[in-house]
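Contents: one structure, followed by commentary.
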Amino acid sequence: MASPPAPAKPWHAVDPRAVAEALACDARAGLSEEEARARVERYGANTLPESPPRTALAVFLGQFKSPLIYLLLVAAAVAGLLGELSDAAVIIVVVVVNAIIGAVQEGRAERSLRALKKLSTVQVRVVRGGVERQVPASALVPGDLMLLGAGDAVAADGRILEAAALQVSEAALTGESVPVAKDTSTVGEAAPLAERHGMLFSGTLVTAGRARALVVATGTTSEIGHIATLTSSTAPTRTPLERRIDQVGRLVIVVAAVLFALVMAIGLVRQVPTAEIFMVAISQIVGLVPEGLPVAMTIALAVGVQRMARRGAVVRRLSAVETLGSTTVICTDKTGTLTKNEMTVTEVALPDGRTLAVDGVGYAPTGALHIGGAPAAVDQATSALLEALVLCNDAQLIVDGDTVRALGDPTEIALVTLARKAGVDEVALRAAAPRVAELPFDAATKMMASVHQRGGAPVAIVKGAPERVLELLGDDGARQELRARAEAMAARALRVLAAVEVPVASPELAGGYAALQGKARALGLVGQIDPPRPEVKEAVARCAAAGIRTVMVTGDHKITGAAIARTLGISRGDEEALDGVDLERLSLPELRARSAHVAVFARVPPEQKLRIVQALQEEGHVVAMTGDGVNDAPALVKADVGVAMGLSGTEVAKDASKIVVTDDNFATIVAAVEEGRVVYRNIKKAVLLLFTTSMAEVLVLLLAMIAGFPPPFAAVQILWNNLVSEGVITVNLIMEPAEGDEMRRPPISPKEPLFSRPLLVRMAFMVPTIVAVTLAWLWWRTALGVPAAQVQTETFTLLVLCEWFNVLNCRSETRSALSFDLLRNPWLLGGLVVGNLLQVAVVFWRPLGQIFHTVPFSLTEVVALGAAASVVLWVEEARKLVVRLRARAQAS
């Protein structure tokens, strides 16, 4: 694709009258349809850069990247070379089924995410061939003439040709929550992005006014495209589970090698034929490797994905599920995630000294004004202020039943909502007092003025920053009093606006604000805040109880961020707030040292977000980073788990994330954390069951060989046990619902191995018990002279029964299996029933018995085997009882 035309100077430094000539287009009629199509072919579609989608084959092959899988493939190859093709085939089938399950689940997650993509559905107003029409955002090309108004998304970078009271929210690009004023001005070539007032940028939103602009950059050449390129160069971080499984895989390979050498040595000493030794060694490897672990892990993560989806979180990578469960720090944006992203007036200060409180949250015009806890009458002074705030205002509030649609700047929408609460009909008022002149809001003056014809002489209304508006007052005493009240309101993190009115002789406002100096009469002050979501405070408290720090990373002011943090419990008084200037002065080691005591990072540019994540990770934290803007994307990639916003998030942010929250709510993130902990706990339960069985099999085989007993299990019986008997209960064990205390436990340390100390302690009770019971049965039945085939069948069945009792043990670390309701997990109950039926079939149905070398035995032996296997349950019950008694003693 060719590069779009570029002038000698950057577009923001080019006079708007020269832009059309540089782009070879018409500034009034726009491009023709033919030329627009030709430019799409020449410059490419207006789409964001994306990583090429992985093919189905690549996703499938990616499931094989595990040391455990490698070991199973080696075992299958050796078994095949020795002629045991059925054993090799079964192992290969298990590996392939696991890969298919993983690939299908990752594909589902990607399809769910694609359903959230909105860029291709955005429609843009353009002028082509002198006719206004709507085209898809992807069809925009350099030279297109865009028409923009309040509420429109900017779909490409553009140079402004005409602007009227234009304000644009650039939060998605710069993190600045306050809309910025735009005009046609030309600035210096070196001007930073935030000061390019004559430019519009893709991914931003027009909040007020209107504009005509020529498209100068699309797709990868836009500012959004440049940041997306930075995102693609940031390497993703491996998750704790991936690191733990790799460690376990390496350990299993080492142990397998040692066992292989040991079995070969024992066989050679006992002069066992080489082929037979190899098959015993293969049996040891197959017994050692928990074949059900890859499938169990994949299904556990897939179940977590489905549960999270029901709670509003779409997972793009399966392994990210458990990472949330290990999270120790959540770095979250403020606007829209912790707060409603709907400015709300909460306080009104009148010139006579009265202060009114306003209830109601967001843009819904439900609520009332109060004074001293009692309803406040809307008197003349209150009406004068509210009417002025509606007239000097471009916002619209459209209410249709329970649906509220707001158009315009968030600050102005809040003022219209306030007036509605007091019974002011802004539509009728604006018709009765039409605007005849205006001075649009300007970032330099921080004020807006409008002139209205109300009966007699025209009246000018001015609203804006108190430090500027109050300077227009002629009464010094009133100015000082209102300034002090405005400062007190600002100290409470309120965004304060002042309003005054001035009778004018003519409506032109030719002298600007200077002509109004000293002539204004005070109308009052209003204080606004973006209110916290009502459910967030509880969610933050749940995080604290779970050992998770919540850190606010916002583009808003430090005072505002700190106040919201205190309200929500993020800051408890001893933490500090830092802004971008503070961060710039800190080296990375200094930031690491202070990061533990910072609750709020404010006015943070994109590169500083990366430093924050890096500093926390170097302190040993597992970091979840939330974001919605383009500027959040590099940090989303760097974080252990990036969480993008589904409603307000840009496509770049979603593509950079591992989880997308569909409702932009912090509480949904906390719910996902809880699900992640459930997933990790269930994986640990499966690991306990699988490795207990594997170690017991290996020890029984090895000790029986050393003691000179006949083989306690045939190789095919080990495969049956590991793949069928164990499989039907392991897969269902990981379906366990939450136990209820997940968010009252500390996070799992990223340094903690999969075989943690509590798990090893439990295995130290379970494995010796299973080995002792199995070997005792083998010795007893052999001593009685029972035929070897029946002894082997009974020993094989005893091991299976031990697993079934042990799965009840594994459901909880401390709760008794006798009181833990089995019906809470009907999947496990069903698995036990199916397992019993299959075991009956393999022992008593001759076709299967011939394949797996089993022979039937009597009901008496069945009862005796059940009684012997139950010892595993009683030993673990005794351990749990001791643990509970110790916990009660410590609590008392």
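Chain lettering (A, B, ...) mirrors the order of the structure tokens, residue numbering begins at 1 for each chain separately, and ligand numbering begins at 1 in order of display.
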Per-residue DSSP, range 221-413 of chain A, filtered to strand (DSSP E), as a ChimeraX atom specification: /A:313-315,329-332,344-349,355-358,369-371,374-375,396-400,403-407
Atoms kept (N, CA and C atoms) for selection, written as an mmCIF file, in the first residue's frame:
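Saved to out.cif:
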data_model
loop_
_atom_site.group_PDB
_atom_site.id
_atom_site.type_symbol
_atom_site.label_atom_id
_atom_site.label_comp_id
_atom_site.auth_asym_id
_atom_site.auth_seq_id
_atom_site.Cartn_x
_atom_site.Cartn_y
_atom_site.Cartn_z
ATOM 1 N N ALA A 313 -17.515 -11.498 31.883
ATOM 2 C CA ALA A 313 -16.100 -11.400 31.506
ATOM 3 C C ALA A 313 -15.800 -12.418 30.415
ATOM 4 N N VAL A 314 -15.305 -11.929 29.269
ATOM 5 C CA VAL A 314 -14.948 -12.796 28.153
ATOM 6 C C VAL A 314 -13.446 -13.048 28.208
ATOM 7 N N VAL A 315 -13.054 -14.312 28.283
ATOM 8 C CA VAL A 315 -11.650 -14.694 28.406
ATOM 9 C C VAL A 315 -11.086 -15.015 27.029
ATOM 10 N N VAL A 329 -2.396 -7.504 42.929
ATOM 11 C CA VAL A 329 -2.656 -6.067 42.752
ATOM 12 C C VAL A 329 -3.535 -5.883 41.528
ATOM 13 N N ILE A 330 -4.593 -5.080 41.671
ATOM 14 C CA ILE A 330 -5.414 -4.682 40.532
ATOM 15 C C ILE A 330 -5.186 -3.192 40.303
ATOM 16 N N CYS A 331 -4.587 -2.848 39.164
ATOM 17 C CA CYS A 331 -4.432 -1.447 38.766
ATOM 18 C C CYS A 331 -5.631 -1.091 37.896
ATOM 19 N N THR A 332 -6.471 -0.225 38.393
ATOM 20 C CA THR A 332 -7.730 0.047 37.703
ATOM 21 C C THR A 332 -7.884 1.516 37.356
ATOM 22 N N THR A 344 -22.280 14.234 38.045
ATOM 23 C CA THR A 344 -23.494 14.478 38.831
ATOM 24 C C THR A 344 -23.272 15.668 39.753
ATOM 25 N N VAL A 345 -24.194 16.615 39.718
ATOM 26 C CA VAL A 345 -24.132 17.745 40.651
ATOM 27 C C VAL A 345 -24.608 17.274 42.017
ATOM 28 N N THR A 346 -23.780 17.464 43.014
ATOM 29 C CA THR A 346 -24.133 17.043 44.373
ATOM 30 C C THR A 346 -24.313 18.214 45.329
ATOM 31 N N GLU A 347 -23.884 19.425 44.909
ATOM 32 C CA GLU A 347 -23.945 20.567 45.826
ATOM 33 C C GLU A 347 -24.162 21.855 45.042
ATOM 34 N N VAL A 348 -25.007 22.732 45.588
ATOM 35 C CA VAL A 348 -25.283 24.036 44.991
ATOM 36 C C VAL A 348 -25.067 25.104 46.058
ATOM 37 N N ALA A 349 -24.249 26.105 45.726
ATOM 38 C CA ALA A 349 -23.985 27.201 46.661
ATOM 39 C C ALA A 349 -24.596 28.477 46.097
ATOM 40 N N THR A 355 -26.494 26.602 51.168
ATOM 41 C CA THR A 355 -25.899 25.485 50.436
ATOM 42 C C THR A 355 -26.936 24.385 50.324
ATOM 43 N N LEU A 356 -27.221 23.983 49.112
ATOM 44 C CA LEU A 356 -28.214 22.951 48.856
ATOM 45 C C LEU A 356 -27.519 21.648 48.495
ATOM 46 N N ALA A 357 -27.999 20.547 49.035
ATOM 47 C CA ALA A 357 -27.519 19.223 48.661
ATOM 48 C C ALA A 357 -28.447 18.654 47.597
ATOM 49 N N VAL A 358 -27.880 17.897 46.674
ATOM 50 C CA VAL A 358 -28.651 17.327 45.574
ATOM 51 C C VAL A 358 -28.479 15.811 45.619
ATOM 52 N N LEU A 369 -33.585 18.624 45.561
ATOM 53 C CA LEU A 369 -32.687 19.515 46.289
ATOM 54 C C LEU A 369 -33.091 19.539 47.755
ATOM 55 N N HIS A 370 -32.080 19.568 48.634
ATOM 56 C CA HIS A 370 -32.332 19.552 50.068
ATOM 57 C C HIS A 370 -31.485 20.616 50.756
ATOM 58 N N ILE A 371 -31.969 21.069 51.888
ATOM 59 C CA ILE A 371 -31.203 21.980 52.731
ATOM 60 C C ILE A 371 -31.419 21.559 54.176
ATOM 61 N N ALA A 374 -33.942 18.707 54.826
ATOM 62 C CA ALA A 374 -35.343 18.916 54.438
ATOM 63 C C ALA A 374 -35.415 19.348 52.981
ATOM 64 N N PRO A 375 -36.512 19.029 52.279
ATOM 65 C CA PRO A 375 -36.644 19.467 50.882
ATOM 66 C C PRO A 375 -36.512 20.977 50.771
ATOM 67 N N GLN A 396 -28.045 18.055 25.624
ATOM 68 C CA GLN A 396 -29.436 17.624 25.541
ATOM 69 C C GLN A 396 -29.623 16.361 26.366
ATOM 70 N N LEU A 397 -30.789 16.249 26.979
ATOM 71 C CA LEU A 397 -31.133 15.068 27.764
ATOM 72 C C LEU A 397 -32.453 14.535 27.236
ATOM 73 N N ILE A 398 -32.409 13.351 26.634
ATOM 74 C CA ILE A 398 -33.602 12.760 26.024
ATOM 75 C C ILE A 398 -34.040 11.591 26.891
ATOM 76 N N VAL A 399 -35.228 11.708 27.489
ATOM 77 C CA VAL A 399 -35.734 10.681 28.394
ATOM 78 C C VAL A 399 -36.920 9.997 27.734
ATOM 79 N N ASP A 400 -36.817 8.674 27.615
ATOM 80 C CA ASP A 400 -37.897 7.874 27.039
ATOM 81 C C ASP A 400 -38.186 6.739 28.003
ATOM 82 N N THR A 403 -35.336 4.911 29.833
ATOM 83 C CA THR A 403 -34.111 5.092 29.053
ATOM 84 C C THR A 403 -33.737 6.560 28.993
ATOM 85 N N VAL A 404 -32.481 6.861 29.304
ATOM 86 C CA VAL A 404 -31.980 8.230 29.267
ATOM 87 C C VAL A 404 -30.855 8.293 28.244
ATOM 88 N N ARG A 405 -30.977 9.178 27.276
ATOM 89 C CA ARG A 405 -29.931 9.372 26.270
ATOM 90 C C ARG A 405 -29.392 10.785 26.405
ATOM 91 N N ALA A 406 -28.095 10.895 26.637
ATOM 92 C CA ALA A 406 -27.470 12.184 26.868
ATOM 93 C C ALA A 406 -26.565 12.540 25.709
ATOM 94 N N LEU A 407 -26.648 13.768 25.242
ATOM 95 C CA LEU A 407 -25.798 14.268 24.164
ATOM 96 C C LEU A 407 -25.088 15.527 24.644
#
For Glu876 in chain A: contacts at 8 Å, only C-alpha atoms, fewer than 4 positions along chain excluded, given as a list in words: Arg762, Phe765, Met766, Asn809, Val872 and Lys880 of chain A
Quick one: everything within 7 Å of range 735-745 of chain A, counting only C-alpha atoms, minus sequence neighbours fewer than 3 positions away in the same chain. Send it as a list in words. Ala300, Arg542, Ala545, Ala546, Glu674, Arg677, Val678, Asn682, Asn732 and Asn825 of chain A
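Note that the spacing between CA of Lys558 in chain A and CA of Asp442 in chain A amounts to 23.2 Å.
Between Met625 in chain A and the candidates A:Gly642, A:Gly456, A:Gly477, A:Gly849, the tightest atom-to-atom separation, counting only C-alpha atoms, involves A:Gly642.
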Need the shell around Val500 in chain A: protein/DNA/RNA residues with any atom at most 9 Å away, counting only C-alpha atoms. Skip same-chain ones fewer than 5 positions apart. Format as an NGL selection string? :A and (385 or 388 or 460-463 or 469-470 or 472-473 or 520-524)
Selection from above, all heavy atoms, as a CSV table (one decimal), in the first residue's frame, can you write it?
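So again.csv came out as:
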chain,number,residue,atom,x,y,z
A,385,LEU,N,-30.3,30.7,39.0
A,385,LEU,CA,-29.0,29.9,38.8
A,385,LEU,C,-29.3,28.7,37.8
A,385,LEU,O,-28.6,28.5,36.9
A,385,LEU,CB,-28.5,29.4,40.1
A,385,LEU,CG,-27.3,28.4,40.0
A,385,LEU,CD1,-26.1,29.1,39.3
A,385,LEU,CD2,-26.9,27.9,41.4
A,388,ALA,N,-30.0,29.8,34.2
A,388,ALA,CA,-28.8,30.3,33.6
A,388,ALA,C,-27.9,29.1,33.2
A,388,ALA,O,-27.3,29.1,32.1
A,388,ALA,CB,-28.0,31.2,34.5
A,460,ALA,N,-26.4,38.6,29.3
A,460,ALA,CA,-25.3,37.7,29.1
A,460,ALA,C,-25.1,36.8,30.3
A,460,ALA,O,-25.2,37.2,31.4
A,460,ALA,CB,-24.0,38.4,28.8
A,461,ILE,N,-25.0,35.5,30.0
A,461,ILE,CA,-24.7,34.5,31.1
A,461,ILE,C,-23.3,33.9,30.9
A,461,ILE,O,-23.0,33.6,29.7
A,461,ILE,CB,-25.8,33.4,31.1
A,461,ILE,CG1,-27.2,34.0,31.2
A,461,ILE,CG2,-25.5,32.3,32.1
A,461,ILE,CD1,-28.3,33.0,31.0
A,462,VAL,N,-22.6,33.9,31.9
A,462,VAL,CA,-21.2,33.4,31.9
A,462,VAL,C,-21.1,32.2,32.9
A,462,VAL,O,-21.5,32.4,34.0
A,462,VAL,CB,-20.1,34.5,32.2
A,462,VAL,CG1,-18.7,33.9,32.0
A,462,VAL,CG2,-20.3,35.7,31.3
A,463,LYS,N,-20.5,31.1,32.4
A,463,LYS,CA,-20.2,30.0,33.4
A,463,LYS,C,-18.8,29.5,33.1
A,463,LYS,O,-18.3,29.6,31.9
A,463,LYS,CB,-21.3,28.9,33.3
A,463,LYS,CG,-21.1,27.9,32.1
A,463,LYS,CD,-22.0,26.7,32.2
A,463,LYS,CE,-21.7,25.6,31.3
A,463,LYS,NZ,-21.5,25.9,29.9
A,469,VAL,N,-14.5,33.3,36.4
A,469,VAL,CA,-15.8,33.9,36.3
A,469,VAL,C,-16.0,34.9,37.4
A,469,VAL,O,-16.6,36.0,37.2
A,469,VAL,CB,-16.9,32.7,36.4
A,469,VAL,CG1,-18.3,33.3,36.5
A,469,VAL,CG2,-16.8,31.8,35.2
A,470,LEU,N,-15.6,34.6,38.6
A,470,LEU,CA,-15.8,35.5,39.7
A,470,LEU,C,-15.1,36.8,39.6
A,470,LEU,O,-15.4,37.8,40.3
A,470,LEU,CB,-15.4,34.8,41.0
A,470,LEU,CG,-16.2,33.6,41.4
A,470,LEU,CD1,-15.8,32.9,42.7
A,470,LEU,CD2,-17.7,33.9,41.5
A,472,LEU,N,-15.3,38.7,37.2
A,472,LEU,CA,-16.3,39.6,36.5
A,472,LEU,C,-17.2,40.3,37.5
A,472,LEU,O,-17.9,41.3,37.1
A,472,LEU,CB,-17.1,38.8,35.5
A,472,LEU,CG,-16.3,38.0,34.4
A,472,LEU,CD1,-17.3,37.3,33.5
A,472,LEU,CD2,-15.5,39.0,33.6
A,473,LEU,N,-17.2,39.9,38.8
A,473,LEU,CA,-18.1,40.5,39.7
A,473,LEU,C,-17.7,41.9,40.1
A,473,LEU,O,-16.5,42.2,40.2
A,473,LEU,CB,-18.2,39.7,41.0
A,473,LEU,CG,-18.9,38.3,40.9
A,473,LEU,CD1,-18.8,37.5,42.2
A,473,LEU,CD2,-20.3,38.4,40.4
A,520,ALA,N,-20.9,42.1,36.5
A,520,ALA,CA,-21.6,40.9,36.7
A,520,ALA,C,-22.3,40.7,38.0
A,520,ALA,O,-21.8,41.3,39.0
A,520,ALA,CB,-20.7,39.7,36.4
A,521,ARG,N,-23.4,40.0,38.1
A,521,ARG,CA,-24.1,39.7,39.3
A,521,ARG,C,-24.0,38.2,39.6
A,521,ARG,O,-24.2,37.4,38.7
A,521,ARG,CB,-25.6,40.1,39.3
A,521,ARG,CG,-26.4,39.8,40.5
A,521,ARG,CD,-27.8,40.3,40.4
A,521,ARG,NE,-28.6,39.4,39.5
A,521,ARG,CZ,-29.2,38.3,39.8
A,521,ARG,NH1,-29.2,37.9,41.1
A,521,ARG,NH2,-29.9,37.7,39.0
A,522,ALA,N,-23.6,37.8,40.8
A,522,ALA,CA,-23.4,36.4,41.1
A,522,ALA,C,-24.7,35.6,41.1
A,522,ALA,O,-25.7,36.1,41.6
A,522,ALA,CB,-22.7,36.2,42.4
A,523,LEU,N,-24.7,34.4,40.5
A,523,LEU,CA,-25.8,33.5,40.5
A,523,LEU,C,-25.6,32.3,41.4
A,523,LEU,O,-26.5,31.8,42.0
A,523,LEU,CB,-26.2,33.1,39.1
A,523,LEU,CG,-26.6,34.1,38.1
A,523,LEU,CD1,-26.8,33.5,36.7
A,523,LEU,CD2,-27.9,34.8,38.6
A,524,GLY,N,-24.3,31.9,41.6
A,524,GLY,CA,-24.0,30.8,42.5
A,524,GLY,C,-22.9,29.9,41.9
A,524,GLY,O,-22.3,30.1,40.9
Per-residue DSSP, range 440-606 of chain A, filtered to helix (DSSP H, G or I), as a count of residues only: 64
If you count only C-alpha atoms, which residues fall within 12 Å of Leu616 in chain A, apart from same-chain ones fewer than 2 positions away, as number ranges by chain? A: 327-331, 549, 551, 588-598, 609-614, 618-625, 638-640
Take the residues from that selection and put them in a file with N, CA, C and O atoms, as a compact mmCIF listing (two decimals), in the first residue's frame.
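Now in out_39.txt:
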# COMPACT_ATOMS: atom_id res chain seq x y z
N THR A 327 -3.90 -13.05 41.37
CA THR A 327 -3.62 -11.61 41.35
C THR A 327 -3.44 -11.06 42.77
O THR A 327 -4.22 -11.35 43.67
N THR A 328 -2.42 -10.23 42.93
CA THR A 328 -2.18 -9.57 44.21
C THR A 328 -2.43 -8.07 44.15
O THR A 328 -2.63 -7.44 45.18
N VAL A 329 -2.40 -7.50 42.93
CA VAL A 329 -2.66 -6.07 42.75
C VAL A 329 -3.54 -5.88 41.53
O VAL A 329 -3.28 -6.46 40.47
N ILE A 330 -4.59 -5.08 41.67
CA ILE A 330 -5.41 -4.68 40.53
C ILE A 330 -5.19 -3.19 40.30
O ILE A 330 -5.51 -2.37 41.16
N CYS A 331 -4.59 -2.85 39.16
CA CYS A 331 -4.43 -1.45 38.77
C CYS A 331 -5.63 -1.09 37.90
O CYS A 331 -5.77 -1.62 36.79
N ARG A 549 -4.52 -5.79 46.71
CA ARG A 549 -4.50 -4.33 46.74
C ARG A 549 -5.18 -3.78 45.49
O ARG A 549 -4.98 -4.28 44.38
N VAL A 551 -5.30 -0.44 43.24
CA VAL A 551 -4.55 0.79 42.98
C VAL A 551 -5.24 1.52 41.84
O VAL A 551 -5.51 0.93 40.79
N LEU A 588 13.35 3.74 38.68
CA LEU A 588 12.59 2.50 38.85
C LEU A 588 12.78 1.90 40.24
O LEU A 588 11.80 1.48 40.87
N PRO A 589 14.02 1.85 40.78
CA PRO A 589 14.17 1.34 42.15
C PRO A 589 13.41 2.17 43.17
O PRO A 589 12.84 1.62 44.13
N GLU A 590 13.40 3.49 43.01
CA GLU A 590 12.66 4.35 43.93
C GLU A 590 11.16 4.10 43.82
O GLU A 590 10.45 4.07 44.83
N LEU A 591 10.69 3.93 42.58
CA LEU A 591 9.27 3.64 42.39
C LEU A 591 8.90 2.30 43.01
O LEU A 591 7.84 2.16 43.63
N ARG A 592 9.77 1.30 42.86
CA ARG A 592 9.52 0.00 43.49
C ARG A 592 9.39 0.15 45.00
O ARG A 592 8.50 -0.44 45.61
N ALA A 593 10.26 0.94 45.59
CA ALA A 593 10.25 1.10 47.04
C ALA A 593 8.99 1.80 47.53
O ALA A 593 8.47 1.49 48.61
N ARG A 594 8.47 2.74 46.74
CA ARG A 594 7.30 3.51 47.17
C ARG A 594 5.98 2.90 46.72
O ARG A 594 4.92 3.29 47.20
N SER A 595 6.03 1.94 45.78
CA SER A 595 4.80 1.42 45.19
C SER A 595 3.88 0.77 46.22
O SER A 595 2.66 0.77 46.06
N ALA A 596 4.47 0.22 47.28
CA ALA A 596 3.64 -0.46 48.29
C ALA A 596 2.78 0.51 49.08
O ALA A 596 1.82 0.09 49.75
N HIS A 597 3.09 1.80 49.01
CA HIS A 597 2.39 2.80 49.83
C HIS A 597 1.61 3.79 48.97
O HIS A 597 1.19 4.83 49.48
N VAL A 598 1.43 3.48 47.69
CA VAL A 598 0.70 4.38 46.79
C VAL A 598 -0.65 3.78 46.45
O VAL A 598 -0.73 2.64 46.01
N LYS A 609 2.55 4.17 32.79
CA LYS A 609 1.75 3.00 33.17
C LYS A 609 2.57 1.72 33.04
O LYS A 609 2.47 0.81 33.88
N LEU A 610 3.38 1.67 32.01
CA LEU A 610 4.27 0.53 31.86
C LEU A 610 5.24 0.43 33.03
O LEU A 610 5.51 -0.65 33.55
N ARG A 611 5.78 1.57 33.46
CA ARG A 611 6.72 1.58 34.59
C ARG A 611 6.04 1.12 35.88
O ARG A 611 6.64 0.41 36.69
N ILE A 612 4.79 1.53 36.08
CA ILE A 612 4.06 1.13 37.28
C ILE A 612 3.90 -0.38 37.31
O ILE A 612 4.15 -1.04 38.33
N VAL A 613 3.46 -0.96 36.19
CA VAL A 613 3.29 -2.41 36.11
C VAL A 613 4.62 -3.11 36.35
O VAL A 613 4.71 -4.09 37.11
N GLN A 614 5.68 -2.62 35.71
CA GLN A 614 6.99 -3.24 35.85
C GLN A 614 7.47 -3.18 37.30
O GLN A 614 8.01 -4.16 37.83
N GLU A 618 8.25 -6.44 39.61
CA GLU A 618 9.58 -6.66 40.18
C GLU A 618 9.54 -6.78 41.70
O GLU A 618 10.48 -7.31 42.30
N GLU A 619 8.46 -6.30 42.31
CA GLU A 619 8.27 -6.48 43.75
C GLU A 619 7.60 -7.82 44.06
O GLU A 619 7.26 -8.09 45.20
N GLY A 620 7.39 -8.64 43.02
CA GLY A 620 6.84 -9.97 43.22
C GLY A 620 5.34 -10.07 43.10
O GLY A 620 4.76 -11.10 43.44
N HIS A 621 4.69 -9.03 42.61
CA HIS A 621 3.23 -9.05 42.51
C HIS A 621 2.77 -9.64 41.18
O HIS A 621 3.45 -9.53 40.15
N VAL A 622 1.59 -10.26 41.22
CA VAL A 622 0.88 -10.65 40.00
C VAL A 622 -0.11 -9.52 39.73
O VAL A 622 -1.01 -9.27 40.53
N VAL A 623 0.08 -8.83 38.62
CA VAL A 623 -0.62 -7.57 38.38
C VAL A 623 -1.72 -7.74 37.33
O VAL A 623 -1.48 -8.25 36.23
N ALA A 624 -2.92 -7.32 37.69
CA ALA A 624 -4.02 -7.19 36.73
C ALA A 624 -4.17 -5.70 36.42
O ALA A 624 -4.25 -4.88 37.33
N MET A 625 -4.17 -5.38 35.16
CA MET A 625 -4.26 -3.98 34.73
C MET A 625 -5.53 -3.79 33.91
O MET A 625 -5.76 -4.50 32.95
N LYS A 638 1.80 -5.86 29.03
CA LYS A 638 2.87 -6.12 30.00
C LYS A 638 2.33 -6.76 31.27
O LYS A 638 3.02 -7.58 31.90
N ALA A 639 1.12 -6.42 31.68
CA ALA A 639 0.56 -6.94 32.92
C ALA A 639 0.40 -8.46 32.84
O ALA A 639 0.31 -9.04 31.76
N ASP A 640 0.38 -9.11 34.01
CA ASP A 640 0.17 -10.55 34.03
C ASP A 640 -1.17 -10.91 33.42
O ASP A 640 -1.30 -11.93 32.75
Could you pull the residues within 10 Å of Ala368 in chain A, counting only C-alpha atoms, minus those fewer than 2 positions along the same chain, as a PyMOL selection string? chain A and resi 356-360+365-366+370+375-377+418-423
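Minimum distance to Pro758 in chain A across A:Leu688, A:Val882, A:Ala707, A:Val553 (counting only C-alpha atoms) occurs at A:Leu688.
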Pick from A:Val875, A:Val728, A:Leu429, A:Ala505 nearest to Leu838 in chain A, counting only C-alpha atoms: A:Val728
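If you look at CA of Phe796 in chain A and CA of Leu760 in chain A, they are 24.9 Å away from each other.
Using only C-alpha atoms, the nearest neighbour of Thr204 in chain A within the list A:Ser648, A:Ile851, A:Asp476, A:Leu145 is A:Ser648.
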Go through A:Ala563, A:Lys340, A:Ala395, A:Glu162 one by one, measure the shortest atom-to-atom distance of each to Phe666 in chain A using only C-alpha atoms, and give the residue with the smallest value. A:Lys340
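Nearest to Gly527 in chain A of all the residues A:Gly83, A:Pro768, A:Gly785, A:Gly464 is A:Gly464, based on only C-alpha atoms.
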For Leu873 in chain A, work out the shell of residues within 8 Å, counting only C-alpha atoms and skipping chain neighbours fewer than 5 positions away, then give it as a count of residues only. 4
